[in-house]
Amino acid sequence: MKNIYKHIFLALVVGLIVGAIDALFGRVLIWITDFRTIHYLWLLPFLPLAGLLITWLYHRFNKESLGGMTLIFETRLDKRKDIPLALIPLVMVGTWITHLFGGSAGREGVAVQIGATISHWLGKKCHLPDNSKILLVTGMAAGFAGLFQTPLAATFFAMEVVIAGYLDVYALLPAILASYVACFTSSFLGLPKFAIDLQSTLSLHSVHVIGSILILGIAFGLTGRLFASVLAKAKTWMKHAFPNPYRRIGLVSIPLAIVLILLFGGRYSGLGINLITNSFTHQTIYAWDWILKLGLTILTLSIGFQGGEVTPLFSIGASLGVVLGSLLGLDPLLCAALGYAAVFGSATNTLLAPIFIGLEVFGGVNMIPFTLVCIIAYLVNGNHSIYTAQSKVIY
């Protein structure tokens, strides 16, 4: 019982600290995104130099931190004992630099890594038994929740993502406490939450709608699977083709920068929030937006730029949903919301987290369609994941 109280106390502490760091990281990233959008012609040409700077920072101060999410997963799976604290400033600064100069990347990996590193460090200081598991999951949940302000999705994401097919339910209480505290803290400190009040609903009483749900689930599942499998292969190929990390990021980012400039004025740089906004405000979404964002995000991450994958996955799913909704004769905004959640779930090989994303971002009126589409996407995924260190339960 004494350890339960310790875990609760540490969950509150982790939530406060991680929520505050998420607010700082997120608000700076919003400013950087706005600044780059205005001055992209002056910033994108320097993307290769930015890549070299990021690589130098990691190799100069803590090369081990390049492991990123793999370090977190290996610690949870008892394959390593420590996560370097240097990871926190390196991943934050590296991600800011990536976005300032126009790399196509996300942000959730940063938040999850920060949360896990802090909670793991606190657990070791307090000498709690099994702290590497309970507090690690707690910190991962806090990091995700503080950045996206979706505490339920964050809790279940942290509990199910490390071992596909298994839930770390023993961490439920501290994880959900830390998630809500981190969410409230980042919100109090001015980090905005993305949410859409969907007005339209899908009634599952027609063959057309049921068939469309099946098609959407398959399409979103294949898209997440494509992203995960190509990203893994691209990282492996890049390391073999360019063993020197400086040459890899310095040379490949030259054509990457040129393509990002030429394709609609930096439309595919950064997080992809512009595509998400366009998807839900009846603005222009091209039929090729999702595939170009997918390819350029994979290229950015595979050569060594920092960030994450989830926000680009949201933008890929939303823009693909608009296209498919128009083809299927359904509300494009509702299909964009389904894609927002399901592509994320497929690519991360998670089931409950994307369903709760649908609930917390888009409301509960379409929870049955969200659940069905996410289940289909999860099944179509075939156990592929953007997290190569993810373990799989074999029955």
# chains A, B, ... in the order shown; residues from 1 in each chain; ligands from 1
>>> closest_atom_pairs(of="stretch 106-154 of chain A", to="stretch 75-94 of chain A", cutoff="9 Å", atoms="only C-alpha atoms", output="Markdown table")
| residue | atom | partner | partner_atom | distance |
| --- | --- | --- | --- | --- |
| A:Gly109 | CA | A:Val91 | CA | 8.8 |
| A:Val110 | CA | A:Val91 | CA | 6.1 |
| A:Ala111 | CA | A:Met92 | CA | 8.7 |
| A:Gln113 | CA | A:Ile88 | CA | 7.4 |
| A:Ile114 | CA | A:Ile88 | CA | 5.5 |
| A:Ala116 | CA | A:Ile83 | CA | 8.6 |
| A:Thr117 | CA | A:Ile83 | CA | 6.0 |
| A:Ile118 | CA | A:Leu85 | CA | 7.7 |
| A:His120 | CA | A:Ile83 | CA | 7.6 |
| A:Trp121 | CA | A:Ile83 | CA | 7.9 |
| A:Ser132 | CA | A:Arg76 | CA | 6.1 |
| A:Lys133 | CA | A:Arg76 | CA | 5.3 |
| A:Ile134 | CA | A:Arg76 | CA | 8.8 |
| A:Leu136 | CA | A:Arg76 | CA | 6.8 |
| A:Val137 | CA | A:Arg76 | CA | 8.0 |
>>> write_last_selection(atoms="N, CA, C and O atoms", output="tab-separated table (two decimals), in the first residue's frame")
chain	number	residue	atom	x	y	z
A	109	GLY	N	6.96	12.15	-30.39
A	109	GLY	CA	8.10	11.37	-29.92
A	109	GLY	C	8.90	12.14	-28.88
A	109	GLY	O	9.40	11.56	-27.91
A	110	VAL	N	8.98	13.44	-29.08
A	110	VAL	CA	9.69	14.30	-28.13
A	110	VAL	C	9.00	14.27	-26.78
A	110	VAL	O	9.63	14.05	-25.73
A	111	ALA	N	7.70	14.47	-26.78
A	111	ALA	CA	6.94	14.53	-25.53
A	111	ALA	C	7.00	13.21	-24.77
A	111	ALA	O	7.19	13.18	-23.56
A	113	GLN	N	9.28	10.85	-25.03
A	113	GLN	CA	10.64	10.63	-24.55
A	113	GLN	C	10.94	11.47	-23.31
A	113	GLN	O	11.58	11.01	-22.36
A	114	ILE	N	10.49	12.72	-23.32
A	114	ILE	CA	10.70	13.59	-22.16
A	114	ILE	C	10.01	13.02	-20.93
A	114	ILE	O	10.60	12.91	-19.85
A	116	ALA	N	8.98	9.94	-20.30
A	116	ALA	CA	9.55	8.68	-19.86
A	116	ALA	C	10.90	8.88	-19.16
A	116	ALA	O	11.19	8.23	-18.15
A	117	THR	N	11.72	9.77	-19.69
A	117	THR	CA	13.03	10.02	-19.11
A	117	THR	C	12.91	10.61	-17.71
A	117	THR	O	13.60	10.17	-16.77
A	118	ILE	N	12.03	11.57	-17.54
A	118	ILE	CA	11.85	12.20	-16.23
A	118	ILE	C	11.29	11.21	-15.21
A	118	ILE	O	11.78	11.10	-14.08
A	120	HIS	N	11.35	7.93	-15.26
A	120	HIS	CA	12.31	6.85	-14.97
A	120	HIS	C	13.39	7.34	-14.01
A	120	HIS	O	13.78	6.62	-13.08
A	121	TRP	N	13.85	8.56	-14.20
A	121	TRP	CA	14.87	9.14	-13.33
A	121	TRP	C	14.34	9.30	-11.90
A	121	TRP	O	15.02	8.96	-10.93
A	132	SER	N	10.90	0.89	-13.29
A	132	SER	CA	11.22	1.03	-14.70
A	132	SER	C	10.02	0.73	-15.57
A	132	SER	O	9.99	1.12	-16.74
A	133	LYS	N	9.03	0.05	-15.02
A	133	LYS	CA	7.84	-0.27	-15.79
A	133	LYS	C	6.69	0.68	-15.46
A	133	LYS	O	6.16	1.35	-16.34
A	134	ILE	N	6.31	0.73	-14.20
A	134	ILE	CA	5.15	1.54	-13.83
A	134	ILE	C	5.39	3.02	-14.11
A	134	ILE	O	4.58	3.68	-14.77
A	136	LEU	N	7.70	4.39	-15.96
A	136	LEU	CA	8.01	4.65	-17.37
A	136	LEU	C	6.71	4.83	-18.16
A	136	LEU	O	6.58	5.78	-18.95
A	137	VAL	N	5.77	3.95	-17.95
A	137	VAL	CA	4.46	4.07	-18.61
A	137	VAL	C	3.77	5.36	-18.17
A	137	VAL	O	3.16	6.07	-18.97
>>> select_by_dssp(residues="stretch 75-139 of chain A", states="alpha helix (DSSP H)", output="number ranges by chain")
A: 75-76, 87-100, 108-126, 131-139
>>> residues_around(residues="A:Ser253", least_positions_apart="2", cutoff="8 Å", atoms="only C-alpha atoms", output="PDB file with C-alpha atoms, in the first residue's frame")
ATOM      1  CA  LEU A  47      17.913  22.611 -44.142  1.00  0.00           C
ATOM      2  CA  PRO A  48      21.153  20.680 -44.946  1.00  0.00           C
ATOM      3  CA  GLY A  51      20.769  18.669 -40.317  1.00  0.00           C
ATOM      4  CA  ILE A 249      21.827  14.069 -43.542  1.00  0.00           C
ATOM      5  CA  GLY A 250      23.930  16.684 -45.326  1.00  0.00           C
ATOM      6  CA  LEU A 251      23.676  15.245 -48.841  1.00  0.00           C
ATOM      7  CA  PRO A 255      17.211  17.416 -52.736  1.00  0.00           C
ATOM      8  CA  LEU A 256      14.753  17.201 -49.834  1.00  0.00           C
ATOM      9  CA  ALA A 257      14.940  20.978 -49.328  1.00  0.00           C
ATOM     10  CA  THR A 300      13.041  13.499 -43.345  1.00  0.00           C
ATOM     11  CA  ILE A 303      18.139  10.551 -42.721  1.00  0.00           C
TER      12      ILE A 303
END
>>> residues_around(residues="stretch 359-367 of chain A", least_positions_apart="2", cutoff="8 Å", atoms="only C-alpha atoms", output="number ranges by chain")
A: 150, 152-153, 194-198, 201-202, 337, 355-357, 369-371
>>> residues_around(residues="A:Ala23", least_positions_apart="5", cutoff="8 Å", atoms="only C-alpha atoms", output="ChimeraX atom specification")
/A:146-147,185-187,189-191
>>> closest_residue(among="A:Ala219, A:Leu172, A:Ala287, A:Val259", to="A:Val323", atoms="only C-alpha atoms")
A:Ala287
>>> residues_around(residues="A:Ser104", least_positions_apart="2", cutoff="10 Å", atoms="only C-alpha atoms", output="PDB file with C-alpha atoms, in the first residue's frame")
ATOM      1  CA  THR A  98      14.133  20.465 -37.767  1.00  0.00           C
ATOM      2  CA  HIS A  99      10.888  22.433 -37.856  1.00  0.00           C
ATOM      3  CA  PHE A 101      14.220  24.887 -41.349  1.00  0.00           C
ATOM      4  CA  GLY A 102      11.295  22.988 -42.834  1.00  0.00           C
ATOM      5  CA  GLY A 106       6.157  15.362 -35.859  1.00  0.00           C
ATOM      6  CA  LEU A 256      14.753  17.201 -49.834  1.00  0.00           C
ATOM      7  CA  LEU A 260       9.893  21.000 -50.164  1.00  0.00           C
ATOM      8  CA  GLY A 266       6.540  24.515 -48.307  1.00  0.00           C
ATOM      9  CA  ARG A 267       3.091  22.923 -48.054  1.00  0.00           C
ATOM     10  CA  TYR A 268       4.578  19.653 -46.805  1.00  0.00           C
ATOM     11  CA  SER A 269       7.090  21.093 -44.331  1.00  0.00           C
ATOM     12  CA  GLY A 270       6.675  20.779 -40.599  1.00  0.00           C
ATOM     13  CA  LEU A 271       3.964  19.002 -38.654  1.00  0.00           C
ATOM     14  CA  GLY A 272       1.256  18.985 -41.295  1.00  0.00           C
ATOM     15  CA  LYS A 293       3.260  14.130 -46.888  1.00  0.00           C
ATOM     16  CA  LEU A 294       3.844  10.438 -46.199  1.00  0.00           C
ATOM     17  CA  GLY A 295       6.869  10.199 -48.477  1.00  0.00           C
ATOM     18  CA  LEU A 296       8.516  13.434 -47.378  1.00  0.00           C
ATOM     19  CA  THR A 297       8.042  12.631 -43.682  1.00  0.00           C
ATOM     20  CA  ILE A 298       9.661   9.232 -44.188  1.00  0.00           C
ATOM     21  CA  LEU A 299      12.574  10.834 -46.036  1.00  0.00           C
ATOM     22  CA  THR A 300      13.041  13.499 -43.345  1.00  0.00           C
ATOM     23  CA  LEU A 301      13.083  11.023 -40.476  1.00  0.00           C
ATOM     24  CA  PHE A 305      16.164  14.710 -38.482  1.00  0.00           C
ATOM     25  CA  GLN A 306      14.436  14.828 -35.106  1.00  0.00           C
ATOM     26  CA  GLY A 307      10.738  14.901 -34.275  1.00  0.00           C
ATOM     27  CA  GLY A 308       8.069  12.263 -34.346  1.00  0.00           C
ATOM     28  CA  GLU A 309       5.558  10.650 -36.638  1.00  0.00           C
ATOM     29  CA  PRO A 312       2.152  13.896 -39.716  1.00  0.00           C
TER      30      PRO A 312
END
>>> closest_residue(among="A:His384, A:Lys125, A:Arg247, A:His59", to="A:Val230", atoms="only C-alpha atoms")
A:His384
>>> residues_around(residues="A:Leu226", least_positions_apart="3", cutoff="12 Å", atoms="only C-alpha atoms", output="mmCIF file with N, CA and C atoms, in the first residue's frame")
data_model
loop_
_atom_site.group_PDB
_atom_site.id
_atom_site.type_symbol
_atom_site.label_atom_id
_atom_site.label_comp_id
_atom_site.auth_asym_id
_atom_site.auth_seq_id
_atom_site.Cartn_x
_atom_site.Cartn_y
_atom_site.Cartn_z
ATOM 1 N N ILE A 218 -10.031 -0.387 -44.266
ATOM 2 C CA ILE A 218 -8.973 -1.046 -45.032
ATOM 3 C C ILE A 218 -7.980 -0.027 -45.570
ATOM 4 N N ALA A 219 -8.491 1.069 -46.146
ATOM 5 C CA ALA A 219 -7.612 2.093 -46.722
ATOM 6 C C ALA A 219 -6.727 2.728 -45.658
ATOM 7 N N PHE A 220 -7.299 3.070 -44.515
ATOM 8 C CA PHE A 220 -6.516 3.694 -43.451
ATOM 9 C C PHE A 220 -5.519 2.697 -42.855
ATOM 10 N N GLY A 221 -5.928 1.443 -42.729
ATOM 11 C CA GLY A 221 -5.025 0.433 -42.210
ATOM 12 C C GLY A 221 -3.835 0.200 -43.123
ATOM 13 N N LEU A 222 -4.090 0.143 -44.432
ATOM 14 C CA LEU A 222 -3.001 -0.045 -45.390
ATOM 15 C C LEU A 222 -2.073 1.164 -45.418
ATOM 16 N N THR A 223 -2.640 2.351 -45.245
ATOM 17 C CA THR A 223 -1.815 3.566 -45.237
ATOM 18 C C THR A 223 -0.879 3.585 -44.040
ATOM 19 N N SER A 229 6.122 0.353 -42.553
ATOM 20 C CA SER A 229 7.049 -0.569 -43.205
ATOM 21 C C SER A 229 8.070 0.173 -44.067
ATOM 22 N N VAL A 230 7.632 1.208 -44.785
ATOM 23 C CA VAL A 230 8.565 1.958 -45.631
ATOM 24 C C VAL A 230 9.540 2.759 -44.774
ATOM 25 N N LEU A 231 9.071 3.317 -43.657
ATOM 26 C CA LEU A 231 9.961 4.062 -42.768
ATOM 27 C C LEU A 231 11.075 3.162 -42.245
ATOM 28 N N ALA A 232 10.729 1.959 -41.812
ATOM 29 C CA ALA A 232 11.741 1.027 -41.293
ATOM 30 C C ALA A 232 12.756 0.663 -42.380
ATOM 31 N N LYS A 233 12.265 0.383 -43.575
ATOM 32 C CA LYS A 233 13.167 0.025 -44.673
ATOM 33 C C LYS A 233 14.024 1.206 -45.104
ATOM 34 N N ALA A 234 13.425 2.403 -45.096
ATOM 35 C CA ALA A 234 14.171 3.592 -45.502
ATOM 36 C C ALA A 234 15.310 3.884 -44.532
ATOM 37 N N ILE A 291 -0.133 11.307 -49.819
ATOM 38 C CA ILE A 291 1.002 10.474 -50.217
ATOM 39 C C ILE A 291 2.297 11.280 -50.256
ATOM 40 N N LEU A 294 3.319 11.725 -46.671
ATOM 41 C CA LEU A 294 3.844 10.438 -46.199
ATOM 42 C C LEU A 294 5.285 10.239 -46.655
ATOM 43 N N GLY A 295 5.530 10.430 -47.943
ATOM 44 C CA GLY A 295 6.869 10.199 -48.477
ATOM 45 C C GLY A 295 7.903 11.163 -47.936
ATOM 46 N N ILE A 298 8.770 10.394 -44.255
ATOM 47 C CA ILE A 298 9.661 9.232 -44.188
ATOM 48 C C ILE A 298 11.085 9.631 -44.553
ATOM 49 N N LEU A 313 1.100 11.738 -39.210
ATOM 50 C CA LEU A 313 0.115 10.681 -39.448
ATOM 51 C C LEU A 313 -1.308 11.220 -39.345
ATOM 52 N N ILE A 316 -1.865 12.996 -42.608
ATOM 53 C CA ILE A 316 -2.010 12.027 -43.703
ATOM 54 C C ILE A 316 -3.402 11.403 -43.664
ATOM 55 N N VAL A 343 -5.402 6.026 -39.086
ATOM 56 C CA VAL A 343 -4.051 5.915 -39.645
ATOM 57 C C VAL A 343 -3.019 5.949 -38.517
ATOM 58 N N PHE A 344 -3.254 6.808 -37.528
ATOM 59 C CA PHE A 344 -2.386 6.835 -36.347
ATOM 60 C C PHE A 344 -2.378 5.477 -35.651
ATOM 61 N N SER A 346 -3.150 2.483 -36.875
ATOM 62 C CA SER A 346 -2.520 1.460 -37.702
ATOM 63 C C SER A 346 -1.004 1.577 -37.675
ATOM 64 N N ALA A 347 -0.486 2.780 -37.856
ATOM 65 C CA ALA A 347 0.966 2.965 -37.936
ATOM 66 C C ALA A 347 1.665 2.674 -36.615
ATOM 67 N N THR A 348 0.986 2.918 -35.497
ATOM 68 C CA THR A 348 1.586 2.653 -34.185
ATOM 69 C C THR A 348 1.237 1.265 -33.659
ATOM 70 N N ALA A 377 -8.742 -1.095 -39.316
ATOM 71 C CA ALA A 377 -7.387 -0.612 -39.630
ATOM 72 C C ALA A 377 -6.339 -1.373 -38.836
ATOM 73 N N VAL A 380 -5.926 -4.844 -40.381
ATOM 74 C CA VAL A 380 -5.266 -4.770 -41.682
ATOM 75 C C VAL A 380 -3.775 -4.488 -41.523
ATOM 76 N N ASN A 381 -3.418 -3.801 -40.457
ATOM 77 C CA ASN A 381 -2.020 -3.416 -40.230
ATOM 78 C C ASN A 381 -1.050 -4.599 -40.230
ATOM 79 N N GLY A 382 -1.462 -5.714 -39.696
ATOM 80 C CA GLY A 382 -0.600 -6.896 -39.708
ATOM 81 C C GLY A 382 0.615 -6.809 -38.803
ATOM 82 N N ASN A 383 0.478 -6.112 -37.664
ATOM 83 C CA ASN A 383 1.541 -6.041 -36.649
ATOM 84 C C ASN A 383 2.750 -5.204 -37.073
ATOM 85 N N HIS A 384 2.593 -4.320 -38.043
ATOM 86 C CA HIS A 384 3.660 -3.389 -38.400
ATOM 87 C C HIS A 384 3.571 -2.170 -37.486
ATOM 88 N N SER A 385 4.709 -1.544 -37.213
ATOM 89 C CA SER A 385 4.715 -0.383 -36.328
ATOM 90 C C SER A 385 5.855 0.555 -36.678
ATOM 91 N N ILE A 386 5.613 1.840 -36.481
ATOM 92 C CA ILE A 386 6.684 2.824 -36.660
ATOM 93 C C ILE A 386 7.752 2.666 -35.587
#
>>> closest_residue(among="A:Val322, A:Leu100, A:Leu71, A:Leu12", to="A:Ala50", atoms="only C-alpha atoms")
A:Leu100
>>> closest_residue(among="A:Gly224, A:Gly358, A:Pro192, A:Gly325", to="A:Leu24", atoms="only C-alpha atoms")
A:Pro192
>>> atom_distance(atom1="atom CA of A:Arg27", atom2="atom CA of A:Gly115")
17.0 Å
>>> decode(residues="stretch 145-173 of chain A", atoms="N, CA, C and O atoms", output="mmCIF file, in the first residue's frame")
data_model
loop_
_atom_site.group_PDB
_atom_site.id
_atom_site.type_symbol
_atom_site.label_atom_id
_atom_site.label_comp_id
_atom_site.auth_asym_id
_atom_site.auth_seq_id
_atom_site.Cartn_x
_atom_site.Cartn_y
_atom_site.Cartn_z
ATOM 1 N N ALA A 145 -0.109 13.209 -23.140
ATOM 2 C CA ALA A 145 -1.282 13.973 -22.703
ATOM 3 C C ALA A 145 -0.998 15.466 -22.617
ATOM 4 O O ALA A 145 -1.836 16.291 -22.987
ATOM 5 N N GLY A 146 0.189 15.824 -22.127
ATOM 6 C CA GLY A 146 0.507 17.242 -22.001
ATOM 7 C C GLY A 146 0.591 17.940 -23.340
ATOM 8 O O GLY A 146 0.218 19.114 -23.465
ATOM 9 N N LEU A 147 1.056 17.229 -24.359
ATOM 10 C CA LEU A 147 1.215 17.840 -25.670
ATOM 11 C C LEU A 147 -0.090 17.889 -26.447
ATOM 12 O O LEU A 147 -0.437 18.916 -27.042
ATOM 13 N N PHE A 148 -0.833 16.779 -26.458
ATOM 14 C CA PHE A 148 -2.060 16.713 -27.251
ATOM 15 C C PHE A 148 -3.318 16.991 -26.432
ATOM 16 O O PHE A 148 -4.394 17.158 -26.993
ATOM 17 N N GLN A 149 -3.192 16.981 -25.114
ATOM 18 C CA GLN A 149 -4.306 17.223 -24.205
ATOM 19 C C GLN A 149 -5.465 16.243 -24.443
ATOM 20 O O GLN A 149 -6.632 16.618 -24.478
ATOM 21 N N THR A 150 -5.077 14.994 -24.612
ATOM 22 C CA THR A 150 -6.032 13.881 -24.731
ATOM 23 C C THR A 150 -5.639 12.822 -23.701
ATOM 24 O O THR A 150 -5.012 11.823 -24.031
ATOM 25 N N PRO A 151 -5.990 13.026 -22.433
ATOM 26 C CA PRO A 151 -5.456 12.171 -21.356
ATOM 27 C C PRO A 151 -5.864 10.704 -21.443
ATOM 28 O O PRO A 151 -5.076 9.826 -21.084
ATOM 29 N N LEU A 152 -7.083 10.426 -21.892
ATOM 30 C CA LEU A 152 -7.493 9.025 -21.997
ATOM 31 C C LEU A 152 -6.712 8.316 -23.102
ATOM 32 O O LEU A 152 -6.210 7.204 -22.908
ATOM 33 N N ALA A 153 -6.627 8.949 -24.262
ATOM 34 C CA ALA A 153 -5.857 8.366 -25.363
ATOM 35 C C ALA A 153 -4.398 8.188 -24.952
ATOM 36 O O ALA A 153 -3.767 7.170 -25.271
ATOM 37 N N ALA A 154 -3.855 9.176 -24.237
ATOM 38 C CA ALA A 154 -2.460 9.103 -23.801
ATOM 39 C C ALA A 154 -2.236 7.934 -22.854
ATOM 40 O O ALA A 154 -1.237 7.212 -22.946
ATOM 41 N N THR A 155 -3.164 7.735 -21.927
ATOM 42 C CA THR A 155 -3.038 6.645 -20.958
ATOM 43 C C THR A 155 -3.005 5.293 -21.649
ATOM 44 O O THR A 155 -2.130 4.455 -21.390
ATOM 45 N N PHE A 156 -3.955 5.078 -22.553
ATOM 46 C CA PHE A 156 -4.017 3.773 -23.210
ATOM 47 C C PHE A 156 -2.911 3.613 -24.251
ATOM 48 O O PHE A 156 -2.437 2.492 -24.484
ATOM 49 N N PHE A 157 -2.473 4.703 -24.860
ATOM 50 C CA PHE A 157 -1.337 4.630 -25.775
ATOM 51 C C PHE A 157 -0.101 4.136 -25.026
ATOM 52 O O PHE A 157 0.596 3.226 -25.476
ATOM 53 N N ALA A 158 0.164 4.724 -23.869
ATOM 54 C CA ALA A 158 1.340 4.333 -23.087
ATOM 55 C C ALA A 158 1.238 2.890 -22.598
ATOM 56 O O ALA A 158 2.247 2.179 -22.529
ATOM 57 N N MET A 159 0.029 2.443 -22.283
ATOM 58 C CA MET A 159 -0.138 1.096 -21.752
ATOM 59 C C MET A 159 -0.067 0.013 -22.826
ATOM 60 O O MET A 159 0.274 -1.130 -22.536
ATOM 61 N N GLU A 160 -0.397 0.346 -24.075
ATOM 62 C CA GLU A 160 -0.461 -0.700 -25.094
ATOM 63 C C GLU A 160 0.617 -0.631 -26.161
ATOM 64 O O GLU A 160 0.790 -1.581 -26.930
ATOM 65 N N VAL A 161 1.385 0.469 -26.252
ATOM 66 C CA VAL A 161 2.269 0.640 -27.401
ATOM 67 C C VAL A 161 3.576 -0.150 -27.289
ATOM 68 O O VAL A 161 4.130 -0.571 -28.310
ATOM 69 N N VAL A 162 4.084 -0.370 -26.097
ATOM 70 C CA VAL A 162 5.385 -1.035 -25.958
ATOM 71 C C VAL A 162 5.296 -2.508 -26.342
ATOM 72 O O VAL A 162 6.157 -3.042 -27.040
ATOM 73 N N ILE A 163 4.232 -3.173 -25.893
ATOM 74 C CA ILE A 163 4.022 -4.588 -26.221
ATOM 75 C C ILE A 163 2.672 -4.715 -26.911
ATOM 76 O O ILE A 163 1.627 -4.627 -26.257
ATOM 77 N N ALA A 164 2.694 -4.888 -28.215
ATOM 78 C CA ALA A 164 1.446 -4.983 -28.972
ATOM 79 C C ALA A 164 0.665 -6.219 -28.535
ATOM 80 O O ALA A 164 1.209 -7.314 -28.441
ATOM 81 N N GLY A 165 -0.606 -6.016 -28.228
ATOM 82 C CA GLY A 165 -1.444 -7.120 -27.790
ATOM 83 C C GLY A 165 -1.465 -7.313 -26.288
ATOM 84 O O GLY A 165 -2.056 -8.278 -25.787
ATOM 85 N N TYR A 166 -0.833 -6.379 -25.557
ATOM 86 C CA TYR A 166 -0.758 -6.497 -24.097
ATOM 87 C C TYR A 166 -0.953 -5.114 -23.486
ATOM 88 O O TYR A 166 -0.472 -4.118 -24.015
ATOM 89 N N LEU A 167 -1.678 -5.069 -22.369
ATOM 90 C CA LEU A 167 -1.916 -3.805 -21.673
ATOM 91 C C LEU A 167 -1.179 -3.784 -20.345
ATOM 92 O O LEU A 167 -1.322 -4.704 -19.535
ATOM 93 N N ASP A 168 -0.402 -2.718 -20.109
ATOM 94 C CA ASP A 168 0.260 -2.533 -18.815
ATOM 95 C C ASP A 168 -0.745 -1.977 -17.804
ATOM 96 O O ASP A 168 -0.623 -0.848 -17.316
ATOM 97 N N VAL A 169 -1.749 -2.792 -17.451
ATOM 98 C CA VAL A 169 -2.847 -2.287 -16.623
ATOM 99 C C VAL A 169 -2.408 -1.949 -15.205
ATOM 100 O O VAL A 169 -3.064 -1.155 -14.520
ATOM 101 N N TYR A 170 -1.310 -2.534 -14.737
ATOM 102 C CA TYR A 170 -0.831 -2.234 -13.384
ATOM 103 C C TYR A 170 -0.408 -0.774 -13.261
ATOM 104 O O TYR A 170 -0.288 -0.247 -12.161
ATOM 105 N N ALA A 171 -0.186 -0.108 -14.402
ATOM 106 C CA ALA A 171 0.215 1.295 -14.378
ATOM 107 C C ALA A 171 -0.967 2.231 -14.606
ATOM 108 O O ALA A 171 -0.779 3.444 -14.727
ATOM 109 N N LEU A 172 -2.184 1.687 -14.640
ATOM 110 C CA LEU A 172 -3.356 2.493 -15.015
ATOM 111 C C LEU A 172 -3.567 3.689 -14.094
ATOM 112 O O LEU A 172 -3.743 4.816 -14.559
ATOM 113 N N LEU A 173 -3.561 3.474 -12.780
ATOM 114 C CA LEU A 173 -3.859 4.565 -11.848
ATOM 115 C C LEU A 173 -2.835 5.702 -11.937
ATOM 116 O O LEU A 173 -3.221 6.858 -12.167
#
